[in-house]
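J.: Hey, dropping entry_10.cif in here, mmCIF, C-alpha atoms, pLDDT in the B column; chains and numbers go by the auth columns:
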```cif
data_coords
loop_
_atom_site.group_PDB
_atom_site.id
_atom_site.type_symbol
_atom_site.label_atom_id
_atom_site.label_comp_id
_atom_site.label_asym_id
_atom_site.label_seq_id
_atom_site.Cartn_x
_atom_site.Cartn_y
_atom_site.Cartn_z
_atom_site.B_iso_or_equiv
_atom_site.auth_seq_id
_atom_site.auth_asym_id
ATOM 1 C CA MET A 1 18.322 15.164 -11.139 42.00 5 A
ATOM 2 C CA ASP A 2 21.434 12.969 -11.491 56.00 6 A
ATOM 3 C CA ARG A 3 22.872 11.733 -14.775 51.00 7 A
ATOM 4 C CA ARG A 4 21.354 8.260 -14.485 55.00 8 A
ATOM 5 C CA LYS A 5 17.825 9.590 -13.818 56.00 9 A
ATOM 6 C CA SER A 6 18.180 12.060 -16.671 54.00 10 A
ATOM 7 C CA LEU A 7 19.170 9.292 -19.062 53.00 11 A
ATOM 8 C CA LYS A 8 16.340 7.080 -17.856 49.00 12 A
ATOM 9 C CA ALA A 9 13.845 9.848 -18.509 50.00 13 A
ATOM 10 C CA MET A 10 15.341 10.516 -21.948 49.00 14 A
ATOM 11 C CA VAL A 11 15.226 6.870 -23.026 48.00 15 A
ATOM 12 C CA ALA A 12 11.753 6.263 -21.618 45.00 16 A
ATOM 13 C CA GLY A 13 10.523 9.234 -23.625 45.00 17 A
ATOM 14 C CA THR A 14 12.083 8.190 -26.902 44.00 18 A
ATOM 15 C CA VAL A 15 10.845 4.582 -26.585 39.00 19 A
ATOM 16 C CA THR A 16 13.146 3.286 -29.309 41.00 20 A
ATOM 17 C CA SER A 17 16.892 3.394 -29.749 41.00 21 A
ATOM 18 C CA GLY A 18 16.472 4.359 -33.393 45.00 22 A
ATOM 19 C CA PHE A 19 15.813 7.934 -32.250 42.00 23 A
ATOM 20 C CA MET A 20 19.205 8.010 -30.587 49.00 24 A
ATOM 21 C CA PHE A 21 20.995 6.700 -33.629 47.00 25 A
ATOM 22 C CA SER A 22 19.376 9.271 -35.887 44.00 26 A
ATOM 23 C CA GLY A 23 20.329 11.941 -33.373 45.00 27 A
ATOM 24 C CA CYS A 24 23.964 11.034 -33.874 46.00 28 A
ATOM 25 C CA LEU A 25 23.920 11.885 -37.582 50.00 29 A
ATOM 26 C CA THR A 26 24.665 15.200 -39.165 50.00 30 A
ATOM 27 C CA ASP A 27 22.634 16.081 -42.261 48.00 31 A
ATOM 28 C CA SER A 28 25.425 14.977 -44.593 50.00 32 A
ATOM 29 C CA GLU A 29 26.025 11.744 -42.688 51.00 33 A
ATOM 30 C CA GLU A 30 22.333 10.934 -42.688 49.00 34 A
ATOM 31 C CA GLN A 31 22.206 11.449 -46.443 50.00 35 A
ATOM 32 C CA VAL A 32 25.164 9.098 -46.940 46.00 36 A
ATOM 33 C CA ALA A 33 23.599 6.527 -44.626 47.00 37 A
ATOM 34 C CA ASN A 34 20.284 6.715 -46.464 47.00 38 A
ATOM 35 C CA GLU A 35 21.931 6.455 -49.870 50.00 39 A
ATOM 36 C CA THR A 36 24.011 3.407 -48.938 44.00 40 A
ATOM 37 C CA PRO A 37 22.369 0.427 -50.643 44.00 41 A
ATOM 38 C CA THR A 38 21.037 -2.249 -48.317 41.00 42 A
ATOM 39 C CA PRO A 39 21.707 -5.803 -49.555 42.00 43 A
ATOM 40 C CA GLU A 40 18.626 -7.854 -50.273 44.00 44 A
ATOM 41 C CA ILE A 41 18.289 -10.516 -47.594 39.00 45 A
ATOM 42 C CA GLU A 42 15.948 -13.425 -48.112 43.00 46 A
ATOM 43 C CA GLU A 43 13.710 -13.917 -45.117 44.00 47 A
ATOM 44 C CA SER A 44 14.144 -17.292 -43.458 44.00 48 A
ATOM 45 C CA GLY A 45 11.975 -17.239 -40.370 45.00 49 A
ATOM 46 C CA TYR A 46 12.574 -15.629 -37.005 53.00 50 A
ATOM 47 C CA GLY A 47 15.909 -14.532 -35.604 72.00 51 A
ATOM 48 C CA ARG A 48 19.077 -13.745 -37.516 79.00 52 A
ATOM 49 C CA THR A 49 19.313 -14.833 -41.127 87.00 53 A
ATOM 50 C CA PRO A 50 22.402 -16.752 -42.280 88.00 54 A
ATOM 51 C CA GLU A 51 23.493 -13.630 -44.182 90.00 55 A
ATOM 52 C CA GLU A 52 23.148 -11.480 -41.068 89.00 56 A
ATOM 53 C CA LEU A 53 25.040 -13.987 -38.966 90.00 57 A
ATOM 54 C CA ALA A 54 27.830 -14.099 -41.530 91.00 58 A
ATOM 55 C CA ARG A 55 28.048 -10.299 -41.560 91.00 59 A
ATOM 56 C CA ASP A 56 28.098 -10.151 -37.763 89.00 60 A
ATOM 57 C CA LYS A 57 30.883 -12.728 -37.680 91.00 61 A
ATOM 58 C CA GLU A 58 32.883 -10.679 -40.172 92.00 62 A
ATOM 59 C CA LEU A 59 32.434 -7.485 -38.146 92.00 63 A
ATOM 60 C CA TYR A 60 33.387 -9.195 -34.909 91.00 64 A
ATOM 61 C CA SER A 61 36.555 -10.514 -36.527 91.00 65 A
ATOM 62 C CA LYS A 62 37.778 -6.960 -37.171 92.00 66 A
ATOM 63 C CA THR A 63 39.088 -4.395 -34.690 94.00 67 A
ATOM 64 C CA PHE A 64 38.629 -0.652 -34.978 95.00 68 A
ATOM 65 C CA PHE A 65 39.518 0.950 -31.633 96.00 69 A
ATOM 66 C CA ASN A 66 42.961 0.304 -30.165 96.00 70 A
ATOM 67 C CA GLU A 67 43.554 -0.534 -26.485 97.00 71 A
ATOM 68 C CA HIS A 68 44.064 3.096 -25.488 97.00 72 A
ATOM 69 C CA GLU A 69 40.832 4.151 -27.214 97.00 73 A
ATOM 70 C CA MET A 70 38.879 1.290 -25.637 97.00 74 A
ATOM 71 C CA ALA A 71 40.165 2.256 -22.184 97.00 75 A
ATOM 72 C CA THR A 72 39.109 5.856 -22.796 97.00 76 A
ATOM 73 C CA LEU A 73 35.683 4.742 -23.981 97.00 77 A
ATOM 74 C CA ALA A 74 35.298 2.704 -20.790 97.00 78 A
ATOM 75 C CA VAL A 75 36.045 5.761 -18.656 97.00 79 A
ATOM 76 C CA LEU A 76 33.637 7.927 -20.661 96.00 80 A
ATOM 77 C CA SER A 77 30.894 5.296 -20.596 96.00 81 A
ATOM 78 C CA ASP A 78 31.007 5.070 -16.809 96.00 82 A
ATOM 79 C CA ILE A 79 30.996 8.851 -16.461 96.00 83 A
ATOM 80 C CA ILE A 80 27.826 8.946 -18.552 95.00 84 A
ATOM 81 C CA ILE A 81 26.168 5.970 -16.824 94.00 85 A
ATOM 82 C CA PRO A 82 27.837 5.161 -13.507 94.00 86 A
ATOM 83 C CA ALA A 83 26.862 2.307 -11.232 92.00 87 A
ATOM 84 C CA ASP A 84 24.409 3.026 -8.445 88.00 88 A
ATOM 85 C CA GLU A 85 22.896 1.131 -5.537 87.00 89 A
ATOM 86 C CA THR A 86 20.486 -0.788 -7.779 85.00 90 A
ATOM 87 C CA SER A 87 22.334 -1.483 -11.028 87.00 91 A
ATOM 88 C CA GLY A 88 25.700 -1.684 -12.714 91.00 92 A
ATOM 89 C CA SER A 89 27.567 0.828 -14.819 93.00 93 A
ATOM 90 C CA ALA A 90 27.859 1.095 -18.581 95.00 94 A
ATOM 91 C CA THR A 91 31.005 -1.030 -18.575 96.00 95 A
ATOM 92 C CA ASP A 92 29.193 -3.677 -16.529 95.00 96 A
ATOM 93 C CA ALA A 93 26.720 -3.825 -19.433 94.00 97 A
ATOM 94 C CA LYS A 94 29.647 -4.096 -21.907 95.00 98 A
ATOM 95 C CA VAL A 95 28.854 -0.775 -23.550 96.00 99 A
ATOM 96 C CA PRO A 96 32.463 -0.242 -24.777 96.00 100 A
ATOM 97 C CA GLU A 97 32.174 -3.529 -26.686 96.00 101 A
ATOM 98 C CA PHE A 98 28.893 -2.284 -28.122 95.00 102 A
ATOM 99 C CA LEU A 99 30.628 0.917 -29.274 97.00 103 A
ATOM 100 C CA GLU A 100 33.378 -1.120 -30.912 96.00 104 A
ATOM 101 C CA PHE A 101 30.760 -3.104 -32.832 95.00 105 A
ATOM 102 C CA ILE A 102 28.544 -0.175 -33.781 95.00 106 A
ATOM 103 C CA VAL A 103 31.320 1.866 -35.426 95.00 107 A
ATOM 104 C CA LYS A 104 32.026 -1.122 -37.667 95.00 108 A
ATOM 105 C CA ASP A 105 28.339 -1.706 -38.326 94.00 109 A
ATOM 106 C CA MET A 106 27.734 2.030 -38.956 95.00 110 A
ATOM 107 C CA PRO A 107 31.037 3.353 -40.364 95.00 111 A
ATOM 108 C CA HIS A 108 29.898 6.992 -40.429 95.00 112 A
ATOM 109 C CA HIS A 109 30.607 7.009 -36.678 96.00 113 A
ATOM 110 C CA GLN A 110 34.271 6.061 -37.091 95.00 114 A
ATOM 111 C CA THR A 111 35.890 9.399 -37.934 96.00 115 A
ATOM 112 C CA PRO A 112 33.840 11.494 -35.451 96.00 116 A
ATOM 113 C CA MET A 113 34.435 8.995 -32.647 97.00 117 A
ATOM 114 C CA ARG A 114 38.165 8.655 -33.224 97.00 118 A
ATOM 115 C CA GLY A 115 38.535 12.384 -33.731 96.00 119 A
ATOM 116 C CA GLY A 116 36.581 13.055 -30.545 96.00 120 A
ATOM 117 C CA LEU A 117 38.816 10.773 -28.501 97.00 121 A
ATOM 118 C CA MET A 118 41.851 12.576 -29.904 97.00 122 A
ATOM 119 C CA TRP A 119 40.310 15.932 -28.976 97.00 123 A
ATOM 120 C CA LEU A 120 39.683 14.684 -25.447 97.00 124 A
ATOM 121 C CA ASP A 121 43.297 13.580 -24.988 97.00 125 A
ATOM 122 C CA HIS A 122 44.589 16.826 -26.476 97.00 126 A
ATOM 123 C CA GLU A 123 42.445 18.886 -24.099 97.00 127 A
ATOM 124 C CA SER A 124 43.483 16.768 -21.130 97.00 128 A
ATOM 125 C CA ASN A 125 47.178 17.050 -22.055 97.00 129 A
ATOM 126 C CA LYS A 126 46.823 20.802 -22.420 96.00 130 A
ATOM 127 C CA ARG A 127 45.196 21.192 -19.004 96.00 131 A
ATOM 128 C CA PHE A 128 46.789 18.463 -16.916 96.00 132 A
ATOM 129 C CA ASP A 129 49.749 17.108 -18.925 96.00 133 A
ATOM 130 C CA LYS A 130 48.106 13.658 -19.051 96.00 134 A
ATOM 131 C CA VAL A 131 45.836 11.810 -21.436 96.00 135 A
ATOM 132 C CA PHE A 132 42.188 11.776 -20.396 97.00 136 A
ATOM 133 C CA LYS A 133 41.995 8.214 -19.071 96.00 137 A
ATOM 134 C CA ASP A 134 45.008 8.758 -16.791 96.00 138 A
ATOM 135 C CA THR A 135 43.783 11.927 -15.100 96.00 139 A
ATOM 136 C CA PRO A 136 41.939 11.832 -11.737 96.00 140 A
ATOM 137 C CA GLU A 137 38.160 11.703 -11.921 95.00 141 A
ATOM 138 C CA THR A 138 37.778 15.291 -10.702 95.00 142 A
ATOM 139 C CA GLN A 139 39.870 16.514 -13.635 96.00 143 A
ATOM 140 C CA GLN A 140 38.019 14.271 -16.083 96.00 144 A
ATOM 141 C CA LEU A 141 34.728 15.730 -14.915 96.00 145 A
ATOM 142 C CA GLU A 142 36.121 19.242 -15.251 96.00 146 A
ATOM 143 C CA ILE A 143 36.546 18.629 -18.980 96.00 147 A
ATOM 144 C CA ILE A 144 33.215 16.859 -19.315 96.00 148 A
ATOM 145 C CA GLU A 145 31.384 19.730 -17.610 95.00 149 A
ATOM 146 C CA ASP A 146 32.673 22.029 -20.364 95.00 150 A
ATOM 147 C CA ILE A 147 31.250 19.886 -23.183 95.00 151 A
ATOM 148 C CA ALA A 148 28.226 18.100 -21.713 93.00 152 A
ATOM 149 C CA TYR A 149 25.627 20.868 -21.912 92.00 153 A
ATOM 150 C CA PRO A 150 25.172 22.112 -25.509 89.00 154 A
ATOM 151 C CA ASP A 151 23.334 25.308 -24.572 90.00 155 A
ATOM 152 C CA ASP A 152 26.189 26.461 -22.364 91.00 156 A
ATOM 153 C CA VAL A 153 29.215 25.380 -24.421 91.00 157 A
ATOM 154 C CA LYS A 154 31.853 28.009 -25.135 94.00 158 A
ATOM 155 C CA PRO A 155 32.979 28.360 -28.783 93.00 159 A
ATOM 156 C CA GLU A 156 36.387 26.788 -28.116 94.00 160 A
ATOM 157 C CA PHE A 157 34.682 23.594 -26.894 94.00 161 A
ATOM 158 C CA LEU A 158 32.181 23.106 -29.731 94.00 162 A
ATOM 159 C CA GLN A 159 34.125 20.229 -31.285 94.00 163 A
ATOM 160 C CA GLY A 160 34.278 18.436 -27.968 94.00 164 A
ATOM 161 C CA ALA A 161 30.588 19.079 -27.346 95.00 165 A
ATOM 162 C CA LYS A 162 29.585 17.536 -30.691 95.00 166 A
ATOM 163 C CA PHE A 163 31.642 14.467 -29.864 96.00 167 A
ATOM 164 C CA PHE A 164 30.181 14.170 -26.386 96.00 168 A
ATOM 165 C CA SER A 165 26.609 14.423 -27.673 95.00 169 A
ATOM 166 C CA ARG A 166 27.340 11.582 -30.092 96.00 170 A
ATOM 167 C CA ILE A 167 28.964 9.296 -27.550 96.00 171 A
ATOM 168 C CA ARG A 168 26.335 10.060 -24.911 95.00 172 A
ATOM 169 C CA ASN A 169 23.612 8.949 -27.335 95.00 173 A
ATOM 170 C CA LEU A 170 25.507 5.815 -28.307 96.00 174 A
ATOM 171 C CA VAL A 171 26.318 4.893 -24.706 96.00 175 A
ATOM 172 C CA ALA A 172 22.676 5.367 -23.706 95.00 176 A
ATOM 173 C CA THR A 173 21.552 3.270 -26.668 94.00 177 A
ATOM 174 C CA GLY A 174 24.009 0.504 -25.812 95.00 178 A
ATOM 175 C CA TYR A 175 23.114 0.491 -22.134 95.00 179 A
ATOM 176 C CA PHE A 176 19.346 0.689 -22.415 93.00 180 A
ATOM 177 C CA THR A 177 19.201 -2.084 -24.996 91.00 181 A
ATOM 178 C CA SER A 178 21.271 -4.363 -22.758 92.00 182 A
ATOM 179 C CA LYS A 179 19.840 -6.770 -20.186 90.00 183 A
ATOM 180 C CA GLU A 180 21.019 -4.494 -17.359 90.00 184 A
ATOM 181 C CA GLY A 181 19.511 -1.381 -18.906 91.00 185 A
ATOM 182 C CA ILE A 182 16.172 -2.994 -19.700 89.00 186 A
ATOM 183 C CA GLU A 183 15.930 -4.263 -16.124 88.00 187 A
ATOM 184 C CA TYR A 184 16.814 -0.791 -14.831 88.00 188 A
ATOM 185 C CA LEU A 185 13.982 0.749 -16.855 86.00 189 A
ATOM 186 C CA GLY A 186 11.596 -1.837 -15.452 84.00 190 A
ATOM 187 C CA TYR A 187 10.490 -2.872 -18.928 83.00 191 A
ATOM 188 C CA VAL A 188 9.016 -6.363 -18.887 78.00 192 A
ATOM 189 C CA GLY A 189 7.740 -6.626 -22.457 79.00 193 A
ATOM 190 C CA ASN A 190 4.794 -8.839 -23.356 77.00 194 A
ATOM 191 C CA VAL A 191 4.068 -11.104 -20.409 70.00 195 A
ATOM 192 C CA PRO A 192 0.969 -13.138 -19.560 67.00 196 A
ATOM 193 C CA ASN A 193 -1.379 -11.436 -17.124 68.00 197 A
ATOM 194 C CA VAL A 194 -4.281 -12.634 -15.031 69.00 198 A
ATOM 195 C CA TRP A 195 -7.902 -11.615 -15.480 72.00 199 A
ATOM 196 C CA ASP A 196 -10.560 -12.842 -13.096 74.00 200 A
ATOM 197 C CA GLY A 197 -13.372 -11.081 -14.857 80.00 201 A
ATOM 198 C CA VAL A 198 -15.115 -7.825 -14.032 86.00 202 A
ATOM 199 C CA PRO A 199 -15.032 -7.185 -10.249 86.00 203 A
ATOM 200 C CA GLN A 200 -18.237 -8.110 -8.490 88.00 204 A
ATOM 201 C CA ASP A 201 -18.858 -4.579 -7.157 92.00 205 A
ATOM 202 C CA VAL A 202 -18.730 -3.202 -10.698 92.00 206 A
ATOM 203 C CA LEU A 203 -21.158 -5.851 -11.907 91.00 207 A
ATOM 204 C CA ASP A 204 -23.500 -5.048 -9.017 92.00 208 A
ATOM 205 C CA ARG A 205 -23.324 -1.318 -9.753 93.00 209 A
ATOM 206 C CA HIS A 206 -24.492 -1.905 -13.319 94.00 210 A
ATOM 207 C CA LYS A 207 -26.916 -4.660 -12.324 91.00 211 A
ATOM 208 C CA LEU A 208 -25.118 -7.225 -14.435 91.00 212 A
ATOM 209 C CA SER A 209 -23.854 -10.729 -13.806 89.00 213 A
ATOM 210 C CA TYR A 210 -22.061 -13.509 -15.579 86.00 214 A
ATOM 211 C CA ASP A 211 -24.146 -16.428 -16.777 85.00 215 A
ATOM 212 C CA GLU A 212 -23.138 -19.911 -15.711 82.00 216 A
ATOM 213 C CA LYS A 213 -21.831 -20.836 -19.154 81.00 217 A
ATOM 214 C CA THR A 214 -19.369 -17.902 -19.176 79.00 218 A
ATOM 215 C CA LEU A 215 -18.249 -18.648 -15.621 76.00 219 A
ATOM 216 C CA ASN A 216 -17.714 -22.321 -16.391 76.00 220 A
ATOM 217 C CA GLU A 217 -15.886 -21.830 -19.686 73.00 221 A
ATOM 218 C CA CYS A 218 -14.028 -18.507 -19.422 74.00 222 A
ATOM 219 C CA ILE A 219 -13.334 -17.531 -15.828 71.00 223 A
ATOM 220 C CA LYS A 220 -11.575 -20.292 -13.935 70.00 224 A
ATOM 221 C CA PRO A 221 -8.812 -18.902 -11.663 66.00 225 A
ATOM 222 C CA GLU A 222 -7.837 -22.437 -10.675 71.00 226 A
ATOM 223 C CA GLU A 223 -6.851 -23.151 -14.325 69.00 227 A
ATOM 224 C CA ARG A 224 -4.916 -19.948 -15.039 66.00 228 A
ATOM 225 C CA ASN A 225 -1.532 -21.717 -15.107 67.00 229 A
ATOM 226 C CA GLU A 226 -2.647 -24.471 -17.435 70.00 230 A
ATOM 227 C CA ILE A 227 -1.767 -24.341 -21.134 69.00 231 A
ATOM 228 C CA ALA A 228 -4.840 -24.350 -23.349 66.00 232 A
ATOM 229 C CA ASN A 229 -5.301 -27.297 -25.669 69.00 233 A
ATOM 230 C CA TRP A 230 -7.305 -26.484 -28.807 64.00 234 A
ATOM 231 C CA ASP A 231 -6.993 -29.871 -30.454 67.00 235 A
ATOM 232 C CA ASN A 232 -10.613 -30.806 -29.763 64.00 236 A
ATOM 233 C CA TYR A 233 -12.104 -27.488 -30.895 59.00 237 A
ATOM 234 C CA ASP A 234 -13.589 -26.955 -34.332 60.00 238 A
ATOM 235 C CA LEU A 235 -12.230 -23.553 -35.373 57.00 239 A
ATOM 236 C CA ALA A 236 -13.626 -23.664 -38.916 55.00 240 A
#
```
Could you write out this structure as structure tokens?
T.:
Amino acid sequence: MDRRKSLKAMVAGTVTSGFMFSGCLTDSEEQVANETPTPEIEESGYGRTPEELARDKELYSKTFFNEHEMATLAVLSDIIIPADETSGSATDAKVPEFLEFIVKDMPHHQTPMRGGLMWLDHESNKRFDKVFKDTPETQQLEIIEDIAYPDDVKPEFLQGAKFFSRIRNLVATGYFTSKEGIEYLGYVGNVPNVWDGVPQDVLDRHKLSYDEKTLNECIKPEERNEIANWDNYDLA
């Protein structure tokens, strides 16, 4: 199974991205996150509240990762979720921009992410005398192979493996909550369907039939695209 199919299976099984976020936390980080007070926000209908919009605007106005780090994140994101014949890569879905936002929105990710990128460059310099983003893909994958599979990681690569598990979860979360990722999963959400009643062969098998009133009022295929108007109905 390739990386993309593995990620698809993982995300389809978890259903929600919240699982991935919680998987990124150590016990101490989760405790800090849970103890951080959440500001009271007055509900004001659907969508983003004015307070949430103001906070988003503030976060977007700040920068955490520098250009070198963003370039490295782009390379890593596309290693984790590359493009294929049917859909784009993680960078096509703007996952690096998602990572930039999420470390500001969830600050407990900042030190592990920055430290992990530093570890990656250090390891790449040690092996190939180049930072990670500037090495050929075959050499990049050589490093990734050493840290991508937790059960097989050697002791000297444990720090890198912890970082890679975190960024893999975040990249998958960013991608599979994007338009591209949702389309790739084939998730269509709540959409209107069509029901033409119980099939006639099933009705015949149970010796049942619709009465004329039900047929006239409830099962009209020719009206399926019309919007119902309830103005003239007494619903009391």
J.: Identify, on the basis of all atoms listed in the file, every residue whose closest approach to Glu101 of chain A does not exceed 12 Å; exclude the query and any residue fewer than 2 positions from it along the same chain; express the result as a list of chain:residue names.
T.: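 Within the cut-off, the hits are A:Tyr64, A:Thr67, A:Phe68, A:Phe69, A:Asn70, A:Glu71, A:Glu73, A:Met74, A:Ala75, A:Leu77, A:Ala78, A:Ser81, A:Ala94, A:Thr95, A:Asp96, A:Ala97, A:Lys98, A:Val99, A:Leu103, A:Glu104, A:Phe105, A:Ile106, A:Val107, A:Lys108, A:Leu174, A:Val175, A:Gly178, A:Tyr179, A:Ser182.
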J.: Could you pull the residues within 8 Å of segment 125-138 of chain A, counting all atoms listed in the file, minus those fewer than 5 positions along the same chain, as a short mmCIF file (atom, residue, chain, number, x, y, z; two decimals) with C-alpha atoms, in the frame of the given file?
T.:
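Saved to out_27.cif:
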```
data_model
loop_
_atom_site.label_atom_id
_atom_site.label_comp_id
_atom_site.auth_asym_id
_atom_site.auth_seq_id
_atom_site.Cartn_x
_atom_site.Cartn_y
_atom_site.Cartn_z
CA ALA A 75 40.16 2.26 -22.18
CA THR A 76 39.11 5.86 -22.80
CA VAL A 79 36.04 5.76 -18.66
CA GLN A 143 39.87 16.51 -13.64
CA GLN A 144 38.02 14.27 -16.08
CA ILE A 147 36.55 18.63 -18.98
#
```
J.: Rounded to one decimal, what separation in Å do you get between atom CA of Leu63 of chain A and atom CA of Pro86 of chain A?
T.: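 Taking atom CA of Leu63 of chain A as the start and atom CA of Pro86 of chain A as the end point, the length is 28.1 Å.
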J.: How far is it from atom CA of Gly120 of chain A to atom CA of Ser93 of chain A, in Å with one decimal?
T.: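 Between atom CA of Gly120 of chain A and atom CA of Ser93 of chain A the gap works out to 21.9 Å.
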J.: For the provided coordinates, the residues matched by the PyMOL selection byres ((chain A and resi 166) around 12) should be stated as a count of residues only.
T.: 33
J.: Which value, in Å to one decimal, gives the distance between atom CA of Glu62 of chain A and atom CA of Ile186 of chain A?
T.: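 Atom CA of Glu62 of chain A sits 27.5 Å away from atom CA of Ile186 of chain A.
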J.: For the file shown, report as a ChimeraX atom specification the outcome of the PyMOL selection byres ((chain A and resi 201) around 12) at residue level.
T.: /A:198-200,202-207,213-214,218-219,222-225
